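Data first, discussion second: the structure below is written as structure tokens.
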Amino acid sequence: MNTTEIFLIAMLIIFTVPYLVWRGFKTDYYAPLVVVQIIGGILLGPGVLGAAFPAYYDFVFNPQVITALNGIAWWAVMIFVFIAGIELDLKQAWAKKTETSVTAGFALATPLVFGAVAAIGMLQFPGWVGAKGQDWQVVLGIGMACAVTALPILVLFLEKLEILRQPLGQRILRYASLDDIAIWGVLALIIMDWERVGRQAAFLIGFAVAAVVVRAIMKRIEEKDRWYVALIWLALCGFAGDWSGMHFMVGAFLAGAVIDKEWFNEERMDLFRNHILLAVMPVFFLSTGLRTQWDVGGMAVFAAAAVLLVVSVVGKLVGVRIAGRILKWDKGEASIIGWLLQTKALIMIIFANILLDKEIITNETFTALLLMAVGSTMLSIPMVTPKLKKLAGLIQKAG
């Protein structure tokens, strides 16, 4: 077979297998399709199916096919991160800055500290620090990975639970939005290339100037033209971010963060995000799965993932509960908010991908973080659903 035919076989596998599992086993309650796709990527990768059937793996995922898949994955994840930047609602966060900053601060700092402590324990053993990584980068990176909330996936979950447009859902989005900014700020610090600091300074200055120009243009053109200009702006920022030595995804996020959500029809933006998730993001999930490895020992990776899952969940719940007591929330709210902020999936995987690309962490560390992200995301809906019903019952009784 030629490369085109093998590529299409890979695409058939990518789209068919997760869908059949999702529909056939009706996993939507505890594992939405996006989670099944991520798990599918892991299972189809070299660590599981590739190890069991190496001939299959070498045939389907040969270097030419992987190169083609990576190109699609890069563009898909750039668009997704770009949308996450656009969806940041800083106006609402500023309008209620005290409540938002207290909650977001504890929701981020507590799991970050817990995760950093776990990372220090992991570093007592070899195999977790990448070829170009330093201990402080790995500790801070793992700590931040434990604190991440995936804003785009959170939006999908809030829609599924029918609370996205309700006051509680909007509050949760405010907290996650503020944490998103901190996540990308810490990432920029971790991957700062001190040998190319001049380029990075030039990128930031140039970006600030260009952002003013782009915002002025966007205000003056029709919405249908804004979509085209937005994608041009995305490609430019991604290139500039990578050229500076940071990462194209940092550029993609910044490109979206300076664009106002109000410039686009909300329904169209939701459809655009969902279409990206449907049509091209599964390729990113597969390419992510192809990077999983277990060379330090499968049990060691699973043990690390289990520890990180515990500290990330407990850290987030403790942090939000502290915020709830300070702000005197109603009974049950802290638990619901804490569990929904566990949705790490995409943003944490993107975060870990960047650390792996920069060789700060190893494939084994990446695999442990990936398993942790999948586990925490799968817990969100099953834990929150009964709590929301209980809270609704309490509100009805009070009414």
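Ligands are numbered from 1 in the order shown, residues from 1 within each chain, and chains are lettered A, B, ... in the order they appear in the structure tokens.
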With the cut-off set at 6 Å and counting only C-alpha atoms, tabulate each residue of range 191-292 of chain A with an atom at most that distance from an atom of range 71-87 of chain A, showing the nearest atom pair and its distance in Å to one decimal, ordered by chain and increasing number, as a Markdown table.
| residue | atom | partner | partner_atom | distance |
| --- | --- | --- | --- | --- |
| A:Met249 | CA | A:Met78 | CA | 5.9 |
| A:Ala252 | CA | A:Phe82 | CA | 5.1 |
| A:Phe253 | CA | A:Phe82 | CA | 4.9 |
| A:Gly256 | CA | A:Gly85 | CA | 4.2 |
| A:Ala257 | CA | A:Gly85 | CA | 4.1 |
| A:Ile259 | CA | A:Ile86 | CA | 5.7 |
| A:Lys261 | CA | A:Ile86 | CA | 5.5 |
| A:Val280 | CA | A:Ala76 | CA | 5.7 |
| A:Met281 | CA | A:Ala76 | CA | 5.6 |
| A:Val283 | CA | A:Ala73 | CA | 5.6 |
| A:Phe284 | CA | A:Ala73 | CA | 4.3 |
- alpha helix (DSSP H) positions in range 230-386 of chain A, given as a count of residues only: 122
- Item | Residues within 8 Å of range 301-313 of chain A, only C-alpha atoms, excluding chain neighbours under 3 positions, as a ChimeraX atom specification | /A:111-112,114-115,118,122,146-147,294,296-298,316-317,339,342,364-365,367-369,371-373,375-376
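Proximity to Phe207 in chain A at 10 Å, evaluated using only C-alpha atoms and with sequence-adjacent residues fewer than 4 positions away removed, yields Ala201, Ala202, Phe203, Ala211, Val212, Val213, Leu236, Cys237, Ala240, Gly241, Gly251, Leu254 and Ala255 of chain A.
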Residues from the last selection, N, CA, C and O atoms, saved as a compact mmCIF listing (two decimals), in the first residue's frame:
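New file out-v9.txt:
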# COMPACT_ATOMS: atom_id res chain seq x y z
N ALA A 201 11.91 38.36 24.32
CA ALA A 201 11.54 39.75 24.60
C ALA A 201 11.00 40.43 23.35
O ALA A 201 10.00 41.15 23.40
N ALA A 202 11.65 40.15 22.20
CA ALA A 202 11.19 40.73 20.94
C ALA A 202 9.79 40.22 20.60
O ALA A 202 8.94 40.98 20.11
N PHE A 203 9.55 38.93 20.86
CA PHE A 203 8.22 38.36 20.61
C PHE A 203 7.16 39.05 21.44
O PHE A 203 6.11 39.44 20.93
N ALA A 211 -1.07 43.10 18.70
CA ALA A 211 -2.39 42.86 19.30
C ALA A 211 -3.25 44.11 19.23
O ALA A 211 -4.47 44.03 18.97
N VAL A 212 -2.64 45.28 19.46
CA VAL A 212 -3.38 46.54 19.37
C VAL A 212 -3.90 46.74 17.95
O VAL A 212 -5.06 47.13 17.74
N VAL A 213 -3.06 46.46 16.97
CA VAL A 213 -3.45 46.61 15.56
C VAL A 213 -4.57 45.64 15.20
O VAL A 213 -5.57 46.02 14.58
N LEU A 236 0.18 33.38 12.61
CA LEU A 236 1.29 34.31 12.83
C LEU A 236 1.82 34.22 14.25
O LEU A 236 3.04 34.13 14.46
N CYS A 237 0.92 34.21 15.24
CA CYS A 237 1.35 34.15 16.64
C CYS A 237 1.98 32.81 16.98
O CYS A 237 2.94 32.73 17.75
N ALA A 240 5.49 32.95 15.53
CA ALA A 240 6.35 33.85 16.30
C ALA A 240 6.69 33.26 17.66
O ALA A 240 7.83 33.38 18.13
N GLY A 241 5.70 32.61 18.30
CA GLY A 241 5.95 31.99 19.59
C GLY A 241 6.99 30.88 19.49
O GLY A 241 7.88 30.78 20.34
N GLY A 251 1.98 30.87 21.82
CA GLY A 251 1.56 31.90 20.88
C GLY A 251 0.08 31.78 20.54
O GLY A 251 -0.63 32.79 20.44
N LEU A 254 -2.07 33.08 23.51
CA LEU A 254 -2.00 34.54 23.58
C LEU A 254 -2.81 35.18 22.46
O LEU A 254 -3.47 36.21 22.65
N ALA A 255 -2.76 34.57 21.26
CA ALA A 255 -3.52 35.09 20.13
C ALA A 255 -5.01 35.14 20.45
O ALA A 255 -5.71 36.10 20.08
Pull the closest atom pair for each residue of range 247-304 of chain A that gets at most 12 Å from range 151-154 of chain A, along with the distance in Å to one decimal, counting only C-alpha atoms, ordering rows by chain and then ascending residue number, as a tab-separated table.
residue	atom	partner	partner_atom	distance
A:Met269	CA	A:Pro152	CA	11.7
A:Asp270	CA	A:Pro152	CA	10.1
A:Arg273	CA	A:Pro152	CA	8.5
A:Asn274	CA	A:Pro152	CA	9.9
A:Ile276	CA	A:Pro152	CA	11.6
A:Leu277	CA	A:Pro152	CA	10.1
Store the residues of this selection in a file with C-alpha atoms, as a PDB file, in the first residue's frame.
ATOM      1  CA  MET A 269     -18.314  29.828  18.387  1.00  0.00           C
ATOM      2  CA  ASP A 270     -19.801  26.866  20.263  1.00  0.00           C
ATOM      3  CA  ARG A 273     -15.360  24.445  18.963  1.00  0.00           C
ATOM      4  CA  ASN A 274     -17.531  21.343  18.707  1.00  0.00           C
ATOM      5  CA  ILE A 276     -12.915  21.079  15.853  1.00  0.00           C
ATOM      6  CA  LEU A 277     -13.436  18.514  18.613  1.00  0.00           C
TER       7      LEU A 277
END
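Distance check against Leu327 in chain A using only C-alpha atoms: of A:Ala31, A:Arg23, A:Asn62, A:Thr100, the minimum falls on A:Thr100.
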- Message: Applying 8 Å and only C-alpha atoms, which residues near Leu290 in chain A remain after dropping the ones on its own chain fewer than 3 positions away? List them as a list in words.
- Response: Gly41, Ile42, Leu44, Gly45, Pro46, Gly47, Leu286 and Ser287 of chain A
Write the residues of the selection above to a file with N, CA, C and O atoms, as a CSV table (one decimal), in the first residue's frame.
chain,number,residue,atom,x,y,z
A,41,GLY,N,-6.2,6.7,22.2
A,41,GLY,CA,-4.9,7.0,21.7
A,41,GLY,C,-3.8,6.3,22.5
A,41,GLY,O,-2.8,5.8,21.9
A,42,ILE,N,-4.0,6.2,23.8
A,42,ILE,CA,-3.0,5.5,24.7
A,42,ILE,C,-2.9,4.0,24.3
A,42,ILE,O,-1.9,3.4,24.1
A,44,LEU,N,-3.9,2.5,21.5
A,44,LEU,CA,-3.4,2.3,20.1
A,44,LEU,C,-1.9,2.6,20.0
A,44,LEU,O,-1.3,2.3,18.9
A,45,GLY,N,-1.3,3.2,21.0
A,45,GLY,CA,0.1,3.6,20.9
A,45,GLY,C,1.1,2.5,21.1
A,45,GLY,O,0.7,1.3,21.3
A,46,PRO,N,2.4,2.8,21.2
A,46,PRO,CA,3.4,1.8,21.2
A,46,PRO,C,3.5,1.1,22.6
A,46,PRO,O,3.9,0.0,22.7
A,47,GLY,N,2.9,1.8,23.6
A,47,GLY,CA,3.0,1.2,25.0
A,47,GLY,C,2.1,0.0,25.2
A,47,GLY,O,2.3,-0.8,26.1
A,286,LEU,N,-4.8,10.8,19.3
A,286,LEU,CA,-4.0,9.7,18.9
A,286,LEU,C,-2.5,10.0,18.9
A,286,LEU,O,-1.7,9.2,19.4
A,287,SER,N,-2.1,11.1,18.4
A,287,SER,CA,-0.7,11.5,18.4
A,287,SER,C,-0.2,11.6,19.8
A,287,SER,O,1.0,11.3,20.0
- Message: Give me, as number ranges by chain, all polymer residues having an atom no more than 12 Å from Leu12 in chain A, counting only C-alpha atoms and skipping those fewer than 5 positions away in the same chain.
- Response: A: 5-7, 17-20, 60, 282-283, 286
Take the residues just selected and output them with N, CA and C atoms as a PDB file, in the first residue's frame.
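Final output, saved to out21.pdb:
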ATOM      1  N   GLU A   5      -2.882   5.487   1.395  1.00  0.00           N
ATOM      2  CA  GLU A   5      -3.801   4.424   1.820  1.00  0.00           C
ATOM      3  C   GLU A   5      -3.579   4.059   3.283  1.00  0.00           C
ATOM      4  N   ILE A   6      -2.324   3.972   3.692  1.00  0.00           N
ATOM      5  CA  ILE A   6      -2.028   3.642   5.088  1.00  0.00           C
ATOM      6  C   ILE A   6      -2.492   4.779   6.011  1.00  0.00           C
ATOM      7  N   PHE A   7      -2.299   6.027   5.569  1.00  0.00           N
ATOM      8  CA  PHE A   7      -2.767   7.185   6.337  1.00  0.00           C
ATOM      9  C   PHE A   7      -4.275   7.098   6.561  1.00  0.00           C
ATOM     10  N   VAL A  17     -12.746   3.319  16.255  1.00  0.00           N
ATOM     11  CA  VAL A  17     -12.608   2.562  17.502  1.00  0.00           C
ATOM     12  C   VAL A  17     -13.186   3.312  18.705  1.00  0.00           C
ATOM     13  N   PRO A  18     -12.783   4.571  18.965  1.00  0.00           N
ATOM     14  CA  PRO A  18     -13.351   5.268  20.135  1.00  0.00           C
ATOM     15  C   PRO A  18     -14.867   5.442  20.045  1.00  0.00           C
ATOM     16  N   TYR A  19     -15.376   5.729  18.837  1.00  0.00           N
ATOM     17  CA  TYR A  19     -16.820   5.934  18.689  1.00  0.00           C
ATOM     18  C   TYR A  19     -17.599   4.658  19.023  1.00  0.00           C
ATOM     19  N   LEU A  20     -17.114   3.513  18.516  1.00  0.00           N
ATOM     20  CA  LEU A  20     -17.802   2.254  18.782  1.00  0.00           C
ATOM     21  C   LEU A  20     -17.767   1.902  20.270  1.00  0.00           C
ATOM     22  N   VAL A  60       1.083   0.513  10.252  1.00  0.00           N
ATOM     23  CA  VAL A  60       0.113   1.617  10.217  1.00  0.00           C
ATOM     24  C   VAL A  60       0.765   2.943  10.593  1.00  0.00           C
ATOM     25  N   PRO A 282      -9.484  14.422  17.447  1.00  0.00           N
ATOM     26  CA  PRO A 282      -9.151  13.005  17.652  1.00  0.00           C
ATOM     27  C   PRO A 282      -7.766  12.634  17.125  1.00  0.00           C
ATOM     28  N   VAL A 283      -7.303  13.324  16.093  1.00  0.00           N
ATOM     29  CA  VAL A 283      -5.958  13.064  15.573  1.00  0.00           C
ATOM     30  C   VAL A 283      -4.920  13.494  16.617  1.00  0.00           C
ATOM     31  N   LEU A 286      -4.776  10.823  19.331  1.00  0.00           N
ATOM     32  CA  LEU A 286      -4.016   9.656  18.874  1.00  0.00           C
ATOM     33  C   LEU A 286      -2.526   9.955  18.903  1.00  0.00           C
TER      34      LEU A 286
END
- Message: I'd like the contact shell of Ile360 in chain A - 9 Å cut-off, only C-alpha atoms, skipping same-chain residues fewer than 4 positions apart - returned as number ranges by chain.
- Response: A: 129-135, 137-138, 141, 190-191, 354-356
